Each structure stands twice: as structure tokens, then as C-alpha cells.
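Enquirer: To be precise about what I am sending: the file is called upload22.cif and holds mmCIF, N, CA and C atoms.
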data_target
#
loop_
_atom_site.label_atom_id
_atom_site.label_comp_id
_atom_site.auth_asym_id
_atom_site.auth_seq_id
_atom_site.Cartn_x
_atom_site.Cartn_y
_atom_site.Cartn_z
N MET X 1 -3.36 2.79 38.44
CA MET X 1 -4.08 3.02 37.20
C MET X 1 -5.23 2.01 37.12
N SER X 2 -6.41 2.49 36.79
CA SER X 2 -7.56 1.60 36.70
C SER X 2 -7.54 0.82 35.39
N ALA X 3 -8.34 -0.24 35.34
CA ALA X 3 -8.40 -1.06 34.13
C ALA X 3 -8.97 -0.26 32.97
N ALA X 4 -9.93 0.62 33.24
CA ALA X 4 -10.52 1.43 32.17
C ALA X 4 -9.48 2.40 31.60
N ALA X 5 -8.67 2.98 32.46
CA ALA X 5 -7.66 3.93 32.00
C ALA X 5 -6.58 3.23 31.18
N ALA X 6 -6.31 1.98 31.49
CA ALA X 6 -5.28 1.23 30.76
C ALA X 6 -5.68 0.95 29.33
N ASN X 7 -6.97 0.95 29.05
CA ASN X 7 -7.44 0.64 27.70
C ASN X 7 -7.74 1.88 26.86
N GLU X 8 -7.45 3.06 27.36
CA GLU X 8 -7.71 4.27 26.60
C GLU X 8 -6.77 4.35 25.40
N ILE X 9 -7.32 4.78 24.28
CA ILE X 9 -6.55 4.86 23.04
C ILE X 9 -5.81 6.19 22.99
N GLY X 10 -4.57 6.14 22.51
CA GLY X 10 -3.80 7.35 22.33
C GLY X 10 -3.05 7.80 23.57
N LYS X 11 -3.15 7.09 24.65
CA LYS X 11 -2.44 7.44 25.87
C LYS X 11 -1.07 6.77 25.86
N TYR X 12 -0.30 7.09 26.87
CA TYR X 12 1.06 6.56 26.97
C TYR X 12 1.18 5.62 28.16
N GLN X 13 2.17 4.75 28.07
CA GLN X 13 2.53 3.88 29.18
C GLN X 13 3.90 4.31 29.66
N LEU X 14 4.17 4.12 30.93
CA LEU X 14 5.48 4.40 31.47
C LEU X 14 6.24 3.09 31.61
N ASP X 15 7.40 3.04 30.98
CA ASP X 15 8.26 1.87 31.12
C ASP X 15 9.12 2.11 32.36
N PHE X 16 8.81 1.40 33.44
CA PHE X 16 9.49 1.64 34.70
C PHE X 16 10.96 1.24 34.67
N ALA X 17 11.35 0.36 33.76
CA ALA X 17 12.74 -0.06 33.69
C ALA X 17 13.62 1.05 33.10
N THR X 18 13.08 1.78 32.09
CA THR X 18 13.90 2.81 31.43
C THR X 18 13.45 4.22 31.73
N GLY X 19 12.24 4.37 32.24
CA GLY X 19 11.70 5.70 32.52
C GLY X 19 11.14 6.40 31.30
N LYS X 20 10.98 5.67 30.19
CA LYS X 20 10.49 6.26 28.95
C LYS X 20 8.97 6.12 28.84
N LEU X 21 8.37 7.09 28.16
CA LEU X 21 6.95 6.99 27.83
C LEU X 21 6.83 6.24 26.51
N ILE X 22 5.94 5.28 26.46
CA ILE X 22 5.73 4.47 25.26
C ILE X 22 4.31 4.72 24.77
N ALA X 23 4.21 5.14 23.52
CA ALA X 23 2.88 5.38 22.93
C ALA X 23 2.16 4.06 22.73
N ARG X 24 0.89 4.05 23.05
CA ARG X 24 0.09 2.85 22.83
C ARG X 24 -0.26 2.76 21.36
N PRO X 25 -0.37 1.56 20.83
CA PRO X 25 -0.74 1.44 19.41
C PRO X 25 -2.16 1.96 19.17
N ILE X 26 -2.29 2.64 18.05
CA ILE X 26 -3.60 3.15 17.65
C ILE X 26 -4.18 2.19 16.62
N PRO X 27 -5.42 1.77 16.80
CA PRO X 27 -6.03 0.86 15.81
C PRO X 27 -6.07 1.49 14.43
N ASP X 28 -6.00 0.66 13.39
CA ASP X 28 -5.98 1.16 12.01
C ASP X 28 -7.15 2.08 11.70
N TYR X 29 -8.33 1.77 12.22
CA TYR X 29 -9.50 2.56 11.87
C TYR X 29 -9.48 3.96 12.47
N LEU X 30 -8.56 4.24 13.41
CA LEU X 30 -8.46 5.58 13.98
C LEU X 30 -7.30 6.39 13.42
N ARG X 31 -6.45 5.79 12.64
CA ARG X 31 -5.30 6.49 12.11
C ARG X 31 -5.71 7.41 10.96
N ILE X 32 -5.10 8.58 10.91
CA ILE X 32 -5.40 9.53 9.85
C ILE X 32 -4.43 9.22 8.71
N GLN X 33 -4.84 8.30 7.86
CA GLN X 33 -3.99 7.84 6.78
C GLN X 33 -4.85 7.23 5.69
N SER X 34 -4.20 6.93 4.61
CA SER X 34 -4.83 6.25 3.49
C SER X 34 -4.02 4.99 3.20
N THR X 35 -4.70 3.97 2.76
CA THR X 35 -4.02 2.72 2.40
C THR X 35 -4.28 2.44 0.93
N MET X 36 -3.21 2.11 0.21
CA MET X 36 -3.32 1.78 -1.20
C MET X 36 -2.71 0.40 -1.40
N ILE X 37 -3.47 -0.47 -2.03
CA ILE X 37 -3.02 -1.83 -2.31
C ILE X 37 -2.76 -1.92 -3.81
N PHE X 38 -1.58 -2.40 -4.18
CA PHE X 38 -1.23 -2.61 -5.58
C PHE X 38 -0.92 -4.08 -5.77
N ARG X 39 -1.52 -4.66 -6.80
CA ARG X 39 -1.28 -6.08 -7.11
C ARG X 39 -0.83 -6.18 -8.55
N LEU X 40 0.30 -6.86 -8.76
CA LEU X 40 0.76 -7.10 -10.12
C LEU X 40 -0.01 -8.30 -10.64
N SER X 41 -0.81 -8.06 -11.65
CA SER X 41 -1.73 -9.05 -12.18
C SER X 41 -1.02 -10.27 -12.76
N GLN X 42 -1.68 -11.40 -12.64
CA GLN X 42 -1.16 -12.63 -13.24
C GLN X 42 -1.22 -12.57 -14.76
N TYR X 43 -1.94 -11.59 -15.30
CA TYR X 43 -2.05 -11.44 -16.75
C TYR X 43 -0.98 -10.49 -17.31
N SER X 44 -0.04 -10.11 -16.47
CA SER X 44 1.06 -9.27 -16.93
C SER X 44 2.00 -10.08 -17.80
N ARG X 45 2.86 -9.37 -18.50
CA ARG X 45 3.88 -10.03 -19.31
C ARG X 45 4.70 -10.95 -18.41
N ALA X 46 4.83 -12.19 -18.81
CA ALA X 46 5.48 -13.20 -17.97
C ALA X 46 6.93 -12.86 -17.67
N GLU X 47 7.35 -13.19 -16.47
CA GLU X 47 8.74 -13.03 -16.02
C GLU X 47 9.25 -11.60 -16.11
N THR X 48 8.35 -10.62 -15.99
CA THR X 48 8.76 -9.22 -16.02
C THR X 48 8.48 -8.60 -14.66
N PRO X 49 9.53 -8.37 -13.86
CA PRO X 49 9.31 -7.74 -12.55
C PRO X 49 8.96 -6.26 -12.73
N LEU X 50 8.26 -5.73 -11.77
CA LEU X 50 7.84 -4.33 -11.81
C LEU X 50 8.36 -3.64 -10.55
N THR X 51 9.19 -2.62 -10.76
CA THR X 51 9.75 -1.86 -9.64
C THR X 51 8.92 -0.60 -9.45
N ILE X 52 8.52 -0.34 -8.21
CA ILE X 52 7.71 0.83 -7.88
C ILE X 52 8.55 1.75 -7.00
N SER X 53 8.56 3.04 -7.36
CA SER X 53 9.31 4.01 -6.57
C SER X 53 8.51 5.30 -6.44
N VAL X 54 8.86 6.07 -5.41
CA VAL X 54 8.25 7.38 -5.19
C VAL X 54 9.37 8.33 -4.80
N ASN X 55 9.38 9.51 -5.42
CA ASN X 55 10.42 10.52 -5.15
C ASN X 55 11.83 9.93 -5.29
N ASN X 56 12.03 9.15 -6.34
CA ASN X 56 13.31 8.50 -6.62
C ASN X 56 13.77 7.54 -5.53
N LYS X 57 12.85 7.08 -4.71
CA LYS X 57 13.16 6.09 -3.67
C LYS X 57 12.43 4.79 -4.01
N LYS X 58 13.20 3.73 -4.20
CA LYS X 58 12.60 2.44 -4.54
C LYS X 58 11.81 1.90 -3.36
N LEU X 59 10.55 1.53 -3.63
CA LEU X 59 9.71 0.96 -2.60
C LEU X 59 9.76 -0.57 -2.61
N VAL X 60 9.59 -1.14 -3.81
CA VAL X 60 9.49 -2.60 -3.90
C VAL X 60 9.62 -3.03 -5.35
N THR X 61 10.01 -4.28 -5.55
CA THR X 61 9.95 -4.91 -6.86
C THR X 61 8.96 -6.05 -6.77
N LEU X 62 7.91 -5.96 -7.58
CA LEU X 62 6.85 -6.97 -7.56
C LEU X 62 7.01 -7.96 -8.70
N ASN X 63 6.70 -9.21 -8.42
CA ASN X 63 6.55 -10.24 -9.43
C ASN X 63 5.06 -10.54 -9.55
N GLN X 64 4.69 -11.39 -10.49
CA GLN X 64 3.27 -11.69 -10.68
C GLN X 64 2.64 -12.16 -9.38
N ASP X 65 1.44 -11.65 -9.11
CA ASP X 65 0.63 -11.97 -7.94
C ASP X 65 1.24 -11.51 -6.62
N ASP X 66 2.20 -10.57 -6.66
CA ASP X 66 2.71 -9.95 -5.44
C ASP X 66 1.90 -8.70 -5.15
N TYR X 67 1.95 -8.26 -3.88
CA TYR X 67 1.19 -7.10 -3.43
C TYR X 67 2.09 -6.07 -2.79
N LEU X 68 1.70 -4.81 -2.94
CA LEU X 68 2.30 -3.71 -2.19
C LEU X 68 1.18 -3.05 -1.41
N LYS X 69 1.37 -2.96 -0.10
CA LYS X 69 0.43 -2.22 0.75
C LYS X 69 1.13 -0.93 1.13
N LEU X 70 0.70 0.17 0.54
CA LEU X 70 1.32 1.47 0.73
C LEU X 70 0.46 2.29 1.69
N ILE X 71 1.03 2.66 2.82
CA ILE X 71 0.31 3.44 3.83
C ILE X 71 0.78 4.88 3.70
N VAL X 72 -0.16 5.76 3.36
CA VAL X 72 0.15 7.16 3.05
C VAL X 72 -0.43 8.04 4.16
N PRO X 73 0.43 8.88 4.81
CA PRO X 73 -0.08 9.77 5.86
C PRO X 73 -0.97 10.87 5.30
N SER X 74 -1.60 11.60 6.19
CA SER X 74 -2.62 12.57 5.80
C SER X 74 -2.10 13.79 5.04
N GLY X 75 -0.81 14.02 4.98
CA GLY X 75 -0.29 15.20 4.31
C GLY X 75 -0.34 15.17 2.80
N TYR X 76 -0.69 14.05 2.21
CA TYR X 76 -0.69 13.90 0.75
C TYR X 76 -2.11 14.02 0.19
N LYS X 77 -2.25 14.82 -0.87
CA LYS X 77 -3.51 14.88 -1.63
C LYS X 77 -3.43 13.92 -2.81
N THR X 78 -2.26 13.92 -3.46
CA THR X 78 -1.98 12.98 -4.55
C THR X 78 -0.57 12.43 -4.34
N ILE X 79 -0.32 11.33 -4.98
CA ILE X 79 1.01 10.73 -4.91
C ILE X 79 1.38 10.26 -6.32
N LYS X 80 2.61 10.57 -6.73
CA LYS X 80 3.08 10.17 -8.06
C LYS X 80 4.02 8.99 -7.88
N LEU X 81 3.64 7.87 -8.46
CA LEU X 81 4.46 6.67 -8.41
C LEU X 81 5.10 6.42 -9.77
N LYS X 82 6.34 5.97 -9.73
CA LYS X 82 7.04 5.62 -10.96
C LYS X 82 7.14 4.10 -11.02
N PHE X 83 6.73 3.54 -12.14
CA PHE X 83 6.76 2.10 -12.38
C PHE X 83 7.82 1.81 -13.44
N VAL X 84 8.72 0.90 -13.14
CA VAL X 84 9.74 0.51 -14.10
C VAL X 84 9.56 -0.98 -14.37
N ALA X 85 9.18 -1.30 -15.60
CA ALA X 85 8.96 -2.70 -15.99
C ALA X 85 10.23 -3.22 -16.65
N GLY X 86 10.65 -4.39 -16.24
CA GLY X 86 11.89 -4.94 -16.79
C GLY X 86 13.06 -4.09 -16.35
N ASN X 87 13.88 -3.68 -17.28
CA ASN X 87 15.06 -2.89 -16.94
C ASN X 87 14.98 -1.43 -17.32
N ASN X 88 14.02 -1.05 -18.19
CA ASN X 88 14.10 0.31 -18.68
C ASN X 88 12.79 1.03 -18.94
N ALA X 89 11.70 0.37 -19.11
CA ALA X 89 10.45 1.03 -19.47
C ALA X 89 9.82 1.70 -18.24
N GLU X 90 9.73 3.04 -18.27
CA GLU X 90 9.21 3.80 -17.14
C GLU X 90 7.83 4.35 -17.44
N THR X 91 6.97 4.29 -16.42
CA THR X 91 5.63 4.88 -16.49
C THR X 91 5.39 5.60 -15.18
N GLU X 92 4.93 6.86 -15.23
CA GLU X 92 4.57 7.60 -14.03
C GLU X 92 3.07 7.80 -14.00
N ILE X 93 2.47 7.54 -12.84
CA ILE X 93 1.02 7.66 -12.68
C ILE X 93 0.74 8.40 -11.38
N ASP X 94 -0.19 9.37 -11.45
CA ASP X 94 -0.64 10.10 -10.26
C ASP X 94 -1.85 9.39 -9.68
N PHE X 95 -1.87 9.26 -8.36
CA PHE X 95 -2.98 8.63 -7.67
C PHE X 95 -3.54 9.61 -6.65
N ASP X 96 -4.87 9.73 -6.58
CA ASP X 96 -5.51 10.55 -5.56
C ASP X 96 -5.51 9.76 -4.25
N VAL X 97 -5.25 10.47 -3.16
CA VAL X 97 -5.21 9.84 -1.84
C VAL X 97 -6.52 10.14 -1.13
N ARG X 98 -7.18 9.10 -0.65
CA ARG X 98 -8.45 9.26 0.07
C ARG X 98 -8.24 8.77 1.50
N LEU X 99 -8.40 9.70 2.45
CA LEU X 99 -8.19 9.36 3.85
C LEU X 99 -9.21 8.34 4.34
N PHE X 100 -8.78 7.51 5.26
CA PHE X 100 -9.62 6.50 5.91
C PHE X 100 -10.21 5.51 4.92
N PHE X 101 -9.55 5.28 3.80
CA PHE X 101 -10.08 4.36 2.79
C PHE X 101 -8.95 3.52 2.23
N THR X 102 -9.28 2.31 1.85
CA THR X 102 -8.31 1.42 1.21
C THR X 102 -8.66 1.30 -0.26
N ASP X 103 -7.81 1.90 -1.11
CA ASP X 103 -7.97 1.79 -2.56
C ASP X 103 -7.18 0.59 -3.04
N VAL X 104 -7.74 -0.12 -4.01
CA VAL X 104 -7.08 -1.29 -4.58
C VAL X 104 -6.86 -1.04 -6.07
N PHE X 105 -5.61 -1.28 -6.51
CA PHE X 105 -5.26 -1.09 -7.91
C PHE X 105 -4.62 -2.36 -8.45
N LEU X 106 -5.07 -2.76 -9.62
CA LEU X 106 -4.46 -3.89 -10.32
C LEU X 106 -3.50 -3.32 -11.35
N LEU X 107 -2.30 -3.86 -11.39
CA LEU X 107 -1.27 -3.40 -12.31
C LEU X 107 -1.00 -4.46 -13.35
N LYS X 108 -0.83 -4.02 -14.59
CA LYS X 108 -0.56 -4.96 -15.68
C LYS X 108 0.58 -4.43 -16.53
N VAL X 109 1.58 -5.28 -16.76
CA VAL X 109 2.68 -4.94 -17.65
C VAL X 109 2.33 -5.49 -19.03
N LYS X 110 2.23 -4.58 -20.00
CA LYS X 110 1.86 -5.00 -21.36
C LYS X 110 3.08 -5.52 -22.12
N LYS X 111 2.86 -6.04 -23.30
CA LYS X 111 3.94 -6.60 -24.11
C LYS X 111 5.02 -5.58 -24.44
N ASN X 112 4.62 -4.31 -24.61
CA ASN X 112 5.59 -3.26 -24.92
C ASN X 112 6.21 -2.67 -23.64
N LEU X 113 5.99 -3.31 -22.50
CA LEU X 113 6.50 -2.94 -21.18
C LEU X 113 5.85 -1.69 -20.58
N ALA X 114 4.80 -1.19 -21.20
CA ALA X 114 4.04 -0.10 -20.59
C ALA X 114 3.22 -0.68 -19.43
N VAL X 115 2.97 0.14 -18.43
CA VAL X 115 2.21 -0.30 -17.26
C VAL X 115 0.83 0.32 -17.28
N GLU X 116 -0.18 -0.50 -17.10
CA GLU X 116 -1.56 -0.02 -16.99
C GLU X 116 -2.03 -0.28 -15.58
N GLU X 117 -2.85 0.64 -15.06
CA GLU X 117 -3.44 0.44 -13.74
C GLU X 117 -4.96 0.46 -13.87
N TYR X 118 -5.57 -0.39 -13.09
CA TYR X 118 -7.03 -0.50 -13.08
C TYR X 118 -7.48 -0.36 -11.63
N HIS X 119 -8.37 0.61 -11.38
CA HIS X 119 -8.91 0.80 -10.04
C HIS X 119 -9.96 -0.27 -9.81
N ALA X 120 -9.77 -1.07 -8.77
CA ALA X 120 -10.71 -2.17 -8.49
C ALA X 120 -11.85 -1.66 -7.61
N PHE X 121 -13.07 -2.05 -7.96
CA PHE X 121 -14.25 -1.66 -7.21
C PHE X 121 -15.04 -2.90 -6.81
N ASP X 122 -15.88 -2.74 -5.81
CA ASP X 122 -16.86 -3.72 -5.37
C ASP X 122 -16.30 -5.13 -5.21
N ASP X 123 -16.81 -6.07 -6.01
CA ASP X 123 -16.45 -7.48 -5.83
C ASP X 123 -14.98 -7.75 -6.11
N ILE X 124 -14.42 -7.08 -7.10
CA ILE X 124 -13.01 -7.30 -7.42
C ILE X 124 -12.14 -6.78 -6.28
N ARG X 125 -12.48 -5.62 -5.76
CA ARG X 125 -11.74 -5.05 -4.61
C ARG X 125 -11.81 -6.01 -3.43
N LYS X 126 -12.99 -6.49 -3.14
CA LYS X 126 -13.18 -7.41 -2.02
C LYS X 126 -12.39 -8.69 -2.23
N SER X 127 -12.40 -9.21 -3.43
CA SER X 127 -11.67 -10.44 -3.75
C SER X 127 -10.16 -10.26 -3.57
N VAL X 128 -9.63 -9.12 -4.03
CA VAL X 128 -8.19 -8.86 -3.89
C VAL X 128 -7.82 -8.74 -2.43
N LEU X 129 -8.61 -8.02 -1.64
CA LEU X 129 -8.31 -7.86 -0.22
C LEU X 129 -8.35 -9.19 0.52
N GLU X 130 -9.29 -10.05 0.16
CA GLU X 130 -9.41 -11.35 0.82
C GLU X 130 -8.29 -12.31 0.42
N SER X 131 -7.76 -12.15 -0.80
CA SER X 131 -6.76 -13.10 -1.29
C SER X 131 -5.32 -12.68 -0.97
N MET X 132 -5.13 -11.54 -0.31
CA MET X 132 -3.78 -11.09 0.02
C MET X 132 -3.11 -12.09 0.96
N GLU X 133 -1.93 -12.53 0.57
CA GLU X 133 -1.17 -13.45 1.40
C GLU X 133 -0.04 -12.67 2.06
N GLU X 134 0.16 -12.91 3.33
CA GLU X 134 1.16 -12.16 4.09
C GLU X 134 2.57 -12.31 3.52
N ASP X 135 2.91 -13.51 3.06
CA ASP X 135 4.26 -13.73 2.55
C ASP X 135 4.49 -13.14 1.16
N ARG X 136 3.43 -12.73 0.48
CA ARG X 136 3.55 -12.12 -0.85
C ARG X 136 3.24 -10.62 -0.81
N THR X 137 3.12 -10.06 0.39
CA THR X 137 2.76 -8.66 0.55
C THR X 137 3.90 -7.89 1.20
N THR X 138 4.25 -6.76 0.59
CA THR X 138 5.24 -5.85 1.16
C THR X 138 4.50 -4.63 1.69
N VAL X 139 4.73 -4.28 2.95
CA VAL X 139 4.07 -3.12 3.57
C VAL X 139 5.09 -1.99 3.66
N VAL X 140 4.70 -0.81 3.13
CA VAL X 140 5.58 0.35 3.15
C VAL X 140 4.82 1.53 3.72
N ASN X 141 5.42 2.18 4.74
CA ASN X 141 4.88 3.43 5.30
C ASN X 141 5.67 4.59 4.70
N LEU X 142 4.96 5.54 4.10
CA LEU X 142 5.66 6.73 3.59
C LEU X 142 5.98 7.70 4.71
#
Any chance you could give the structure as C-alpha cells?

Expert:
Amino acid sequence: MSAAAANEIGKYQLDFATGKLIARPIPDYLRIQSTMIFRLSQYSRAETPLTISVNNKKLVTLNQDDYLKLIVPSGYKTIKLKFVAGNNAETEIDFDVRLFFTDVFLLKVKKNLAVEEYHAFDDIRKSVLESMEEDRTTVVNL
């Protein structure tokens, strides 16, 4: 195999020890998917965790300044997420899925435990993406 062929994207490698074909990793910019970043704002009601679920499947529980990186495959046009603040207050929000784009949403838990979402644009979006810390970020593939 030539060096050029070894670097081709989307090809397979043969594992000579097991005889299995192993798919090569595809760079993020070539994947047919959408990425959604959710950040629980520091201005949320203090000490109130926020649980996020989809299709009755719990994805994550966020505390203040935590992040959820949700990777959505191409089969979705919209996605309905359920937010549970504290122990009982539920809010359902529909989000449009945009392929090949990273949407950033700021989440805020109000005093009455209702959840508000704010779509971040331009400088705020850039700031949130730059400030994401690996240890405070949960990555979920749907």
C-alpha cells in the first residue's frame, strides 16, 4: 500500500492479527451530522441541576457552567428535548437541526423552575465555544 493510499479518507484498514476491516476515522468537517452545544448559564437559579432527555432517555444532568455537546446524525430535521429543572418542573423545546453546523444554546433555569433557551450568535457563540472545558463537557451521540 502506498503512502498516499494510506491517507485516503473513508477507506478501511486490515487488522492482520484478527482479519477484521477497521474503518478509518472521518474528520468532523466531513461527517454528515449536526452539533448542538448546550450550556447551563451561571445566571440560572443557584444549586438547581438541569436534566436533559430525548425520547424518554436521559442524556445528562447539568450544573451551572456545564456543557452538553449533542451530536445529531443527518436523519433528524428537528429534535425535541425535555428539560427537567430540580425534581419536577418539565419544559419541552423543539430545536431545528442544521447539518454541518454547530449551534450554541444558553440555558437558564428561572426562579419558577421554567427553562429558557437563548440561541447564541456571533461573539457570544464564539466565546462559548472557546471557553468549553473538556472536564465540564459531556459528549452524546444520538

Enquirer: Between X:Leu142, X:Leu14, X:Leu106, X:Ile37, which has the minimum distance to Val72 of chain X (counting only N, CA and C atoms)?

Expert: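 Using only N, CA and C atoms, the shortest distance to Val72 of chain X belongs to X:Leu142.
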
Enquirer: Neighbouring residues of Gln42 of chain X were defined as those with any atom within 8 Å, considering only N, CA and C atoms; residues of the same chain fewer than 4 positions away were excluded. Please report them as a VMD selection string.

Expert: chain X and resid 46 63 to 66 107 to 108

Enquirer: Provide the atom CA of Val109 of chain X to atom CA of Asn56 of chain X distance in Å, to one decimal place.

Expert: 20.4 Å

Enquirer: Counting all atoms listed in the file, which residue out of X:Ala89, X:Arg98, X:Thr48, X:Lys82 sits closest to Asn112 of chain X?

Expert: X:Ala89

Enquirer: If you measure from atom C of Asp96 of chain X to atom N of Leu70 of chain X, what distance in Å do you get, rounded to one decimal?

Expert: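 So the two atoms, atom C of Asp96 of chain X and atom N of Leu70 of chain X, lie 12.4 Å apart.
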
Enquirer: What do you get, as a PyMOL selection string, if you spell out every residue that the PyMOL selection byres ((chain X and resi 54) around 8) selects here?

Expert: chain X and resi 51-53+55-60+79-83

Enquirer: Once you add 8 Å to each side, what are the centre and edge lengths of the axis-aligned box holding all listed atoms of segment 31-39 of chain X? One decimal in Å, as JSON, if you can.

Expert:
{"center_x": -3.6, "center_y": 1.7, "center_z": 2.0, "size_x": 21.6, "size_y": 31.7, "size_z": 37.2}

Enquirer: As a ChimeraX atom specification, please: every residue in segment 19-85 of chain X that DSSP puts in strand (DSSP E or B).

Expert: /X:20-23,33-40,50-54,57-62,67-73,78-85

Enquirer: Atom N of Val84 of chain X to atom C of Thr35 of chain X: how many Å, to one decimal?

Expert: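 Distance between the two atoms: 19.2 Å.
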
Enquirer: Apply DSSP to the structure's backbone, then extract all residues of chain X labelled helix (DSSP H, G or I) and return them as a list in words.

Expert: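 Across chain X, those assigned helix (DSSP H, G or I) are Ala3, Ala4, Ala5, Ala6, Asp28, Tyr29, Leu30, Asp122, Asp123, Ile124, Arg125, Lys126, Ser127, Val128, Leu129, Glu130, Ser131, Glu134, Asp135 and Arg136 of chain X.
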
Enquirer: Go ahead and find all residues with at least one atom no further than 9 Å from (9.4, -4.3, -19.7) in the file's coordinates, using only C-alpha atoms; report them as number ranges by chain.

Expert: X: 45, 48-50, 84-90, 109-115

Enquirer: Considering only C-alpha atoms, return as a list in words whatever protein or nucleic-acid residues lie within 8 Å of segment 126-135 of chain X, sequence-local ones (same chain, fewer than 5 positions apart) excluded.

Expert: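 Once the adjacent positions are removed, what remains is Tyr67, Val104 and Phe121 of chain X.
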
Enquirer: If we count only C-alpha atoms, what is near Lys69 of chain X at a cut-off of 10 Å, once residues fewer than 5 positions away on the same chain are taken out, given as an mmCIF file with N, CA and C atoms, in the frame of the given file?

Expert:
data_model
loop_
_atom_site.group_PDB
_atom_site.id
_atom_site.type_symbol
_atom_site.label_atom_id
_atom_site.label_comp_id
_atom_site.auth_asym_id
_atom_site.auth_seq_id
_atom_site.Cartn_x
_atom_site.Cartn_y
_atom_site.Cartn_z
ATOM 1 N N THR X 35 -4.700 3.970 2.760
ATOM 2 C CA THR X 35 -4.020 2.720 2.400
ATOM 3 C C THR X 35 -4.280 2.440 0.930
ATOM 4 N N MET X 36 -3.210 2.110 0.210
ATOM 5 C CA MET X 36 -3.320 1.780 -1.200
ATOM 6 C C MET X 36 -2.710 0.400 -1.400
ATOM 7 N N ILE X 37 -3.470 -0.470 -2.030
ATOM 8 C CA ILE X 37 -3.020 -1.830 -2.310
ATOM 9 C C ILE X 37 -2.760 -1.920 -3.810
ATOM 10 N N PHE X 38 -1.580 -2.400 -4.180
ATOM 11 C CA PHE X 38 -1.230 -2.610 -5.580
ATOM 12 C C PHE X 38 -0.920 -4.080 -5.770
ATOM 13 N N ARG X 39 -1.520 -4.660 -6.800
ATOM 14 C CA ARG X 39 -1.280 -6.080 -7.110
ATOM 15 C C ARG X 39 -0.830 -6.180 -8.550
ATOM 16 N N THR X 102 -9.280 2.310 1.850
ATOM 17 C CA THR X 102 -8.310 1.420 1.210
ATOM 18 C C THR X 102 -8.660 1.300 -0.260
ATOM 19 N N ASP X 103 -7.810 1.900 -1.110
ATOM 20 C CA ASP X 103 -7.970 1.790 -2.560
ATOM 21 C C ASP X 103 -7.180 0.590 -3.040
ATOM 22 N N VAL X 104 -7.740 -0.120 -4.010
ATOM 23 C CA VAL X 104 -7.080 -1.290 -4.580
ATOM 24 C C VAL X 104 -6.860 -1.040 -6.070
ATOM 25 N N MET X 132 -5.130 -11.540 -0.310
ATOM 26 C CA MET X 132 -3.780 -11.090 0.020
ATOM 27 C C MET X 132 -3.110 -12.090 0.960
ATOM 28 N N THR X 137 3.120 -10.060 0.390
ATOM 29 C CA THR X 137 2.760 -8.660 0.550
ATOM 30 C C THR X 137 3.900 -7.890 1.200
ATOM 31 N N THR X 138 4.250 -6.760 0.590
ATOM 32 C CA THR X 138 5.240 -5.850 1.160
ATOM 33 C C THR X 138 4.500 -4.630 1.690
ATOM 34 N N VAL X 139 4.730 -4.280 2.950
ATOM 35 C CA VAL X 139 4.070 -3.120 3.570
ATOM 36 C C VAL X 139 5.090 -1.990 3.660
ATOM 37 N N VAL X 140 4.700 -0.810 3.130
ATOM 38 C CA VAL X 140 5.580 0.350 3.150
ATOM 39 C C VAL X 140 4.820 1.530 3.720
ATOM 40 N N ASN X 141 5.420 2.180 4.740
ATOM 41 C CA ASN X 141 4.880 3.430 5.300
ATOM 42 C C ASN X 141 5.670 4.590 4.700
#

Enquirer: Using only C-alpha atoms, can you tell me which of X:Phe16, X:Phe95, X:Tyr76, X:Phe100 comes closest to Gln33 of chain X?

Expert: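 Selected residue with least distance to Gln33 of chain X: X:Phe100.
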